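J.: One structure, pasted below without further comment.
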Amino acid sequence: MVKYYNFDIVFAEVPDEVTLAVNITGCPHRCAGCHSPHLREDCGERLDGEALAALLGRYGAGITCLCFMGGDGYPHAIAALAAEVRRLAPQLRVAWYSGCDALPEGVAPETFDYIKLGPYVAARGPLSSPDTNQRFYRVGRDGTMEDITYRFRRR
């Protein structure tokens, strides 16, 4: 069962989007230097279609994107929730921040408009670092993934 700890409206996680970022709990990764180690725990509220509908009812008019922050323990459930967002609010873009190196088998990239892949490696830095191992992709309707990680770097 997918659970979320909290959520916030953010402006830096997805370029050019006003994003409702939902922090998913139960993270299976143990990245050294993780900024949210509490998200490793099995805690929080159930995230299902009803909870998504409530969040979108409350914030949907003020956002352009909903981003699942984590959920690597439940990749197919996250994909199903992304489909539910598309059903409930087809005008919104959907993003997923995953700590996996690659998209899990059976998850179609076109389920999302944006996907961040890669665990946090402190020595390599976050998305804004030119040395980062993480990649941020814009996904085309045909499932092609365009690497737009450069958008996180200051010029």
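Residue numbers start at 1 in each chain; chains themselves are named A, B, ... in the order of the structure tokens; ligands are numbered from 1 in the order shown.
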How close does stretch 49-75 of chain A get to stretch 11-31 of chain A? List, as CSV, each residue of stretch 49-75 of chain A within 10 Å, its nearest atom pair and the distance in Å to one decimal, counting only C-alpha atoms.
T.:
```
residue,atom,partner,partner_atom,distance
A:Leu52,CA,A:Val22,CA,9.9
A:Leu55,CA,A:Leu20,CA,8.9
A:Leu56,CA,A:Leu20,CA,9.0
A:Tyr59,CA,A:Leu20,CA,7.8
A:Gly60,CA,A:Leu20,CA,8.6
A:Gly62,CA,A:Val18,CA,7.6
A:Ile63,CA,A:Val18,CA,5.0
A:Thr64,CA,A:Val18,CA,5.2
A:Cys65,CA,A:Thr19,CA,4.6
A:Leu66,CA,A:Leu20,CA,4.8
A:Cys67,CA,A:Ala21,CA,4.7
A:Phe68,CA,A:Val22,CA,5.2
A:Met69,CA,A:Asn23,CA,4.8
A:Gly70,CA,A:Ile24,CA,5.2
A:Gly71,CA,A:Ile24,CA,5.4
A:Asp72,CA,A:Cys27,CA,6.2
A:Gly73,CA,A:Pro28,CA,5.9
A:Tyr74,CA,A:Gly26,CA,8.8
```
J.: Keeping N, CA and C atoms for every residue in the selection just given, could you write it to a file as a PDB file, in the first residue's frame?
T.:
```pdb
ATOM      1  N   LEU A  52      -6.039  11.125  -3.673  1.00  0.00           N
ATOM      2  CA  LEU A  52      -5.619  11.975  -4.795  1.00  0.00           C
ATOM      3  C   LEU A  52      -6.731  12.948  -5.190  1.00  0.00           C
ATOM      4  N   LEU A  55      -6.767  15.764  -2.711  1.00  0.00           N
ATOM      5  CA  LEU A  55      -5.653  16.693  -2.924  1.00  0.00           C
ATOM      6  C   LEU A  55      -5.879  17.553  -4.161  1.00  0.00           C
ATOM      7  N   LEU A  56      -6.321  16.921  -5.243  1.00  0.00           N
ATOM      8  CA  LEU A  56      -6.549  17.671  -6.472  1.00  0.00           C
ATOM      9  C   LEU A  56      -7.736  18.621  -6.341  1.00  0.00           C
ATOM     10  N   TYR A  59      -6.077  21.547  -4.360  1.00  0.00           N
ATOM     11  CA  TYR A  59      -4.960  22.289  -4.947  1.00  0.00           C
ATOM     12  C   TYR A  59      -4.925  22.303  -6.466  1.00  0.00           C
ATOM     13  N   GLY A  60      -5.773  21.523  -7.113  1.00  0.00           N
ATOM     14  CA  GLY A  60      -5.688  21.348  -8.558  1.00  0.00           C
ATOM     15  C   GLY A  60      -5.715  22.617  -9.383  1.00  0.00           C
ATOM     16  N   GLY A  62      -4.489  25.432  -8.594  1.00  0.00           N
ATOM     17  CA  GLY A  62      -3.295  26.248  -8.371  1.00  0.00           C
ATOM     18  C   GLY A  62      -1.996  25.607  -8.799  1.00  0.00           C
ATOM     19  N   ILE A  63      -2.079  24.416  -9.414  1.00  0.00           N
ATOM     20  CA  ILE A  63      -0.863  23.713  -9.811  1.00  0.00           C
ATOM     21  C   ILE A  63      -0.926  23.354 -11.295  1.00  0.00           C
ATOM     22  N   THR A  64       0.230  23.039 -11.847  1.00  0.00           N
ATOM     23  CA  THR A  64       0.300  22.565 -13.233  1.00  0.00           C
ATOM     24  C   THR A  64       0.832  21.137 -13.313  1.00  0.00           C
ATOM     25  N   CYS A  65       1.325  20.614 -12.172  1.00  0.00           N
ATOM     26  CA  CYS A  65       1.954  19.297 -12.161  1.00  0.00           C
ATOM     27  C   CYS A  65       1.785  18.655 -10.788  1.00  0.00           C
ATOM     28  N   LEU A  66       1.659  17.337 -10.776  1.00  0.00           N
ATOM     29  CA  LEU A  66       1.705  16.582  -9.528  1.00  0.00           C
ATOM     30  C   LEU A  66       2.909  15.658  -9.628  1.00  0.00           C
ATOM     31  N   CYS A  67       3.762  15.682  -8.598  1.00  0.00           N
ATOM     32  CA  CYS A  67       4.978  14.870  -8.604  1.00  0.00           C
ATOM     33  C   CYS A  67       4.980  13.906  -7.429  1.00  0.00           C
ATOM     34  N   PHE A  68       5.156  12.632  -7.739  1.00  0.00           N
ATOM     35  CA  PHE A  68       5.336  11.615  -6.718  1.00  0.00           C
ATOM     36  C   PHE A  68       6.817  11.612  -6.356  1.00  0.00           C
ATOM     37  N   MET A  69       7.129  11.978  -5.124  1.00  0.00           N
ATOM     38  CA  MET A  69       8.507  12.030  -4.648  1.00  0.00           C
ATOM     39  C   MET A  69       8.793  10.705  -3.958  1.00  0.00           C
ATOM     40  N   GLY A  70       9.355   9.757  -4.715  1.00  0.00           N
ATOM     41  CA  GLY A  70       9.609   8.428  -4.184  1.00  0.00           C
ATOM     42  C   GLY A  70       8.533   7.454  -4.619  1.00  0.00           C
ATOM     43  N   GLY A  71       8.498   6.340  -3.919  1.00  0.00           N
ATOM     44  CA  GLY A  71       7.558   5.276  -4.257  1.00  0.00           C
ATOM     45  C   GLY A  71       8.232   4.104  -4.935  1.00  0.00           C
ATOM     46  N   ASP A  72       9.555   4.040  -4.808  1.00  0.00           N
ATOM     47  CA  ASP A  72      10.305   2.971  -5.470  1.00  0.00           C
ATOM     48  C   ASP A  72       9.957   1.577  -4.959  1.00  0.00           C
ATOM     49  N   GLY A  73       9.395   1.494  -3.784  1.00  0.00           N
ATOM     50  CA  GLY A  73       8.945   0.203  -3.270  1.00  0.00           C
ATOM     51  C   GLY A  73       7.662  -0.264  -3.925  1.00  0.00           C
ATOM     52  N   TYR A  74       6.989   0.631  -4.650  1.00  0.00           N
ATOM     53  CA  TYR A  74       5.680   0.343  -5.238  1.00  0.00           C
ATOM     54  C   TYR A  74       5.580   0.937  -6.650  1.00  0.00           C
TER      55      TYR A  74
END
```
J.: Please extract the residues of chain A with a backbone DSSP assignment of strand (DSSP E) and present them as a ChimeraX atom specification.
T.: /A:3-10,19-24,45-46,65-69,93-97,114-117,135-139,145-147
J.: Given only C-alpha atoms, how would the per-residue table for stretch 109-146 of chain A near stretch 75-94 of chain A read, listing every residue at most 7 Å away with its closest atom pair and distance in Å to one decimal, sorted by chain and number, as a Markdown table?
T.:
```
| residue | atom | partner | partner_atom | distance |
| --- | --- | --- | --- | --- |
| A:Thr111 | CA | A:Ala79 | CA | 6.4 |
| A:Phe112 | CA | A:Val94 | CA | 5.2 |
| A:Asp113 | CA | A:Val94 | CA | 5.3 |
| A:Tyr114 | CA | A:Val94 | CA | 6.6 |
```
J.: Could you dump the residues just selected with N, CA, C and O atoms as a CSV table (one decimal), in the first residue's frame?
T.:
```
chain,number,residue,atom,x,y,z
A,111,THR,N,3.6,7.0,-19.0
A,111,THR,CA,2.7,7.1,-17.9
A,111,THR,C,2.9,8.5,-17.2
A,111,THR,O,2.0,9.0,-16.6
A,112,PHE,N,4.1,9.1,-17.4
A,112,PHE,CA,4.5,10.3,-16.8
A,112,PHE,C,4.9,11.3,-17.9
A,112,PHE,O,5.3,11.0,-19.0
A,113,ASP,N,4.9,12.6,-17.5
A,113,ASP,CA,5.5,13.7,-18.3
A,113,ASP,C,6.9,13.9,-18.0
A,113,ASP,O,7.7,14.4,-18.9
A,114,TYR,N,7.3,13.7,-16.8
A,114,TYR,CA,8.7,13.9,-16.3
A,114,TYR,C,9.1,12.7,-15.4
A,114,TYR,O,8.3,12.2,-14.6
```
J.: Name all residues at most 7 Å from stretch 150-153 of chain A (count only C-alpha atoms; drop same-chain ones fewer than 2 positions away) and give them as an mmCIF file with all heavy atoms, in the first residue's frame.
T.:
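Saved result, around.cif, follows:
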```cif
data_model
loop_
_atom_site.group_PDB
_atom_site.id
_atom_site.type_symbol
_atom_site.label_atom_id
_atom_site.label_comp_id
_atom_site.auth_asym_id
_atom_site.auth_seq_id
_atom_site.Cartn_x
_atom_site.Cartn_y
_atom_site.Cartn_z
ATOM 1 N N PRO A 15 11.030 21.777 -13.840
ATOM 2 C CA PRO A 15 11.188 23.074 -14.513
ATOM 3 C C PRO A 15 9.892 23.577 -15.149
ATOM 4 O O PRO A 15 9.153 22.805 -15.776
ATOM 5 C CB PRO A 15 12.237 22.779 -15.588
ATOM 6 C CG PRO A 15 12.997 21.611 -15.076
ATOM 7 C CD PRO A 15 11.991 20.781 -14.322
ATOM 8 N N LEU A 127 20.745 17.211 -8.640
ATOM 9 C CA LEU A 127 20.489 17.516 -10.051
ATOM 10 C C LEU A 127 21.194 18.780 -10.526
ATOM 11 O O LEU A 127 21.552 18.889 -11.694
ATOM 12 C CB LEU A 127 18.985 17.642 -10.301
ATOM 13 C CG LEU A 127 18.205 16.335 -10.356
ATOM 14 C CD1 LEU A 127 16.709 16.620 -10.343
ATOM 15 C CD2 LEU A 127 18.575 15.523 -11.572
ATOM 16 N N SER A 128 21.410 19.728 -9.657
ATOM 17 C CA SER A 128 22.054 20.988 -10.047
ATOM 18 C C SER A 128 23.565 20.866 -10.230
ATOM 19 O O SER A 128 24.201 21.771 -10.757
ATOM 20 C CB SER A 128 21.741 22.077 -9.019
ATOM 21 O OG SER A 128 22.214 21.684 -7.742
ATOM 22 N N SER A 129 24.154 19.757 -9.826
ATOM 23 C CA SER A 129 25.597 19.557 -9.945
ATOM 24 C C SER A 129 25.960 19.039 -11.342
ATOM 25 O O SER A 129 25.321 18.108 -11.834
ATOM 26 C CB SER A 129 26.075 18.550 -8.902
ATOM 27 O OG SER A 129 27.407 18.160 -9.167
ATOM 28 N N ILE A 148 16.792 16.369 -19.717
ATOM 29 C CA ILE A 148 16.796 17.823 -19.535
ATOM 30 C C ILE A 148 17.409 18.201 -18.181
ATOM 31 O O ILE A 148 17.094 19.246 -17.617
ATOM 32 C CB ILE A 148 15.391 18.444 -19.711
ATOM 33 C CG1 ILE A 148 14.396 17.904 -18.661
ATOM 34 C CG2 ILE A 148 14.873 18.229 -21.134
ATOM 35 C CD1 ILE A 148 13.072 18.669 -18.610
ATOM 36 N N ARG A 155 23.151 29.221 -14.850
ATOM 37 C CA ARG A 155 24.043 29.668 -15.936
ATOM 38 C C ARG A 155 24.941 30.764 -15.471
ATOM 39 O O ARG A 155 24.767 31.470 -14.598
ATOM 40 C CB ARG A 155 23.210 30.134 -17.112
ATOM 41 C CG ARG A 155 22.410 28.972 -17.636
ATOM 42 C CD ARG A 155 21.656 29.357 -18.868
ATOM 43 N NE ARG A 155 21.002 28.144 -19.318
ATOM 44 C CZ ARG A 155 19.749 28.090 -19.662
ATOM 45 N NH1 ARG A 155 19.014 29.152 -19.683
ATOM 46 N NH2 ARG A 155 19.225 26.966 -20.054
#
```
J.: To test your reading of the structure, identify every residue in chain A that backbone DSSP assigns to alpha helix (DSSP H), and report it as a ChimeraX atom specification.
T.: /A:49-59,75-88
J.: Output N, CA and C atoms of each residue in that selection to a file, as a JSON list (two decimals), in the first residue's frame.
T.:
```
[["chain", "number", "residue", "atom", "x", "y", "z"],
["A", 49, "GLY", "N", -6.86, 6.56, -4.91],
["A", 49, "GLY", "CA", -7.64, 7.45, -5.76],
["A", 49, "GLY", "C", -8.45, 8.47, -4.99],
["A", 50, "GLU", "N", -9.00, 8.06, -3.87],
["A", 50, "GLU", "CA", -9.79, 8.97, -3.05],
["A", 50, "GLU", "C", -8.92, 10.08, -2.46],
["A", 51, "ALA", "N", -7.75, 9.72, -1.95],
["A", 51, "ALA", "CA", -6.84, 10.72, -1.40],
["A", 51, "ALA", "C", -6.34, 11.67, -2.49],
["A", 52, "LEU", "N", -6.04, 11.12, -3.67],
["A", 52, "LEU", "CA", -5.62, 11.97, -4.80],
["A", 52, "LEU", "C", -6.73, 12.95, -5.19],
["A", 53, "ALA", "N", -7.95, 12.45, -5.25],
["A", 53, "ALA", "CA", -9.08, 13.32, -5.61],
["A", 53, "ALA", "C", -9.22, 14.45, -4.60],
["A", 54, "ALA", "N", -9.02, 14.15, -3.33],
["A", 54, "ALA", "CA", -9.11, 15.20, -2.31],
["A", 54, "ALA", "C", -7.99, 16.23, -2.48],
["A", 55, "LEU", "N", -6.77, 15.76, -2.71],
["A", 55, "LEU", "CA", -5.65, 16.69, -2.92],
["A", 55, "LEU", "C", -5.88, 17.55, -4.16],
["A", 56, "LEU", "N", -6.32, 16.92, -5.24],
["A", 56, "LEU", "CA", -6.55, 17.67, -6.47],
["A", 56, "LEU", "C", -7.74, 18.62, -6.34],
["A", 57, "GLY", "N", -8.73, 18.23, -5.58],
["A", 57, "GLY", "CA", -9.85, 19.11, -5.33],
["A", 57, "GLY", "C", -9.43, 20.35, -4.56],
["A", 58, "ARG", "N", -8.47, 20.17, -3.68],
["A", 58, "ARG", "CA", -7.99, 21.28, -2.84],
["A", 58, "ARG", "C", -6.97, 22.16, -3.57],
["A", 59, "TYR", "N", -6.08, 21.55, -4.36],
["A", 59, "TYR", "CA", -4.96, 22.29, -4.95],
["A", 59, "TYR", "C", -4.92, 22.30, -6.47],
["A", 75, "PRO", "N", 6.51, 0.63, -7.55],
["A", 75, "PRO", "CA", 6.53, 1.33, -8.85],
["A", 75, "PRO", "C", 5.26, 1.16, -9.67],
["A", 76, "HIS", "N", 4.66, -0.02, -9.65],
["A", 76, "HIS", "CA", 3.45, -0.22, -10.45],
["A", 76, "HIS", "C", 2.26, 0.50, -9.82],
["A", 77, "ALA", "N", 2.24, 0.60, -8.51],
["A", 77, "ALA", "CA", 1.18, 1.36, -7.85],
["A", 77, "ALA", "C", 1.34, 2.85, -8.14],
["A", 78, "ILE", "N", 2.58, 3.34, -8.19],
["A", 78, "ILE", "CA", 2.81, 4.75, -8.54],
["A", 78, "ILE", "C", 2.33, 5.01, -9.96],
["A", 79, "ALA", "N", 2.63, 4.09, -10.88],
["A", 79, "ALA", "CA", 2.15, 4.24, -12.26],
["A", 79, "ALA", "C", 0.62, 4.26, -12.31],
["A", 80, "ALA", "N", -0.02, 3.42, -11.51],
["A", 80, "ALA", "CA", -1.49, 3.41, -11.47],
["A", 80, "ALA", "C", -2.02, 4.71, -10.90],
["A", 81, "LEU", "N", -1.35, 5.26, -9.90],
["A", 81, "LEU", "CA", -1.76, 6.55, -9.33],
["A", 81, "LEU", "C", -1.56, 7.67, -10.35],
["A", 82, "ALA", "N", -0.49, 7.59, -11.13],
["A", 82, "ALA", "CA", -0.27, 8.58, -12.19],
["A", 82, "ALA", "C", -1.41, 8.54, -13.20],
["A", 83, "ALA", "N", -1.84, 7.33, -13.57],
["A", 83, "ALA", "CA", -2.98, 7.19, -14.48],
["A", 83, "ALA", "C", -4.25, 7.78, -13.86],
["A", 84, "GLU", "N", -4.38, 7.62, -12.56],
["A", 84, "GLU", "CA", -5.54, 8.19, -11.87],
["A", 84, "GLU", "C", -5.50, 9.72, -11.89],
["A", 85, "VAL", "N", -4.31, 10.30, -11.72],
["A", 85, "VAL", "CA", -4.17, 11.77, -11.83],
["A", 85, "VAL", "C", -4.62, 12.20, -13.23],
["A", 86, "ARG", "N", -4.17, 11.50, -14.24],
["A", 86, "ARG", "CA", -4.55, 11.85, -15.63],
["A", 86, "ARG", "C", -6.06, 11.76, -15.83],
["A", 87, "ARG", "N", -6.69, 10.80, -15.19],
["A", 87, "ARG", "CA", -8.15, 10.65, -15.30],
["A", 87, "ARG", "C", -8.87, 11.78, -14.57],
["A", 88, "LEU", "N", -8.41, 12.08, -13.36],
["A", 88, "LEU", "CA", -9.06, 13.09, -12.53],
["A", 88, "LEU", "C", -8.79, 14.52, -12.99]]
```
J.: For A:Gly44, work out the shell of residues within 8 Å, counting only C-alpha atoms and skipping chain neighbours fewer than 4 positions away, then give it as a ChimeraX atom specification.
T.: /A:3-6,25
J.: Need to verify the contact set: A:Arg124, 7 Å, only C-alpha atoms, exclusion of same-chain residues closer than 6 positions in sequence. Can you return it as a ChimeraX atom specification?
T.: /A:131-133
J.: Store the residues picked out above, limited to C-alpha atoms, as a CSV table (one decimal), in the first residue's frame.
T.:
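Heads up, here's the output in part-v2.csv:
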```csv
chain,number,residue,atom,x,y,z
A,131,ASP,CA,28.8,15.8,-11.8
A,132,THR,CA,25.4,14.3,-10.7
A,133,ASN,CA,24.6,10.7,-11.5
```
J.: Work out how far apart atom CA of A:Asp8 and atom CA of A:Gly143 are and give it in Å to one decimal.
T.: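 If I compute the distance from atom CA of A:Asp8 to atom CA of A:Gly143, I get 27.8 Å.
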J.: Between A:Ala123, A:Cys100, A:Met1, A:Met145, single out the one closest to A:Gly33, counting only C-alpha atoms.
T.: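 Checking each candidate against A:Gly33, we get A:Ala123 as the closest.
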J.: Could you check how far atom CA of A:Leu117 sits from atom CA of A:Leu103, in Å to one decimal?
T.: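 So the answer is 7.3 Å.
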J.: I need the residue nearest A:Gly118 from this list: A:His35, A:Trp96, A:Phe7, A:Arg141. Use only C-alpha atoms for the distance.
T.: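 For A:Gly118, the nearest of the candidates is A:Trp96.
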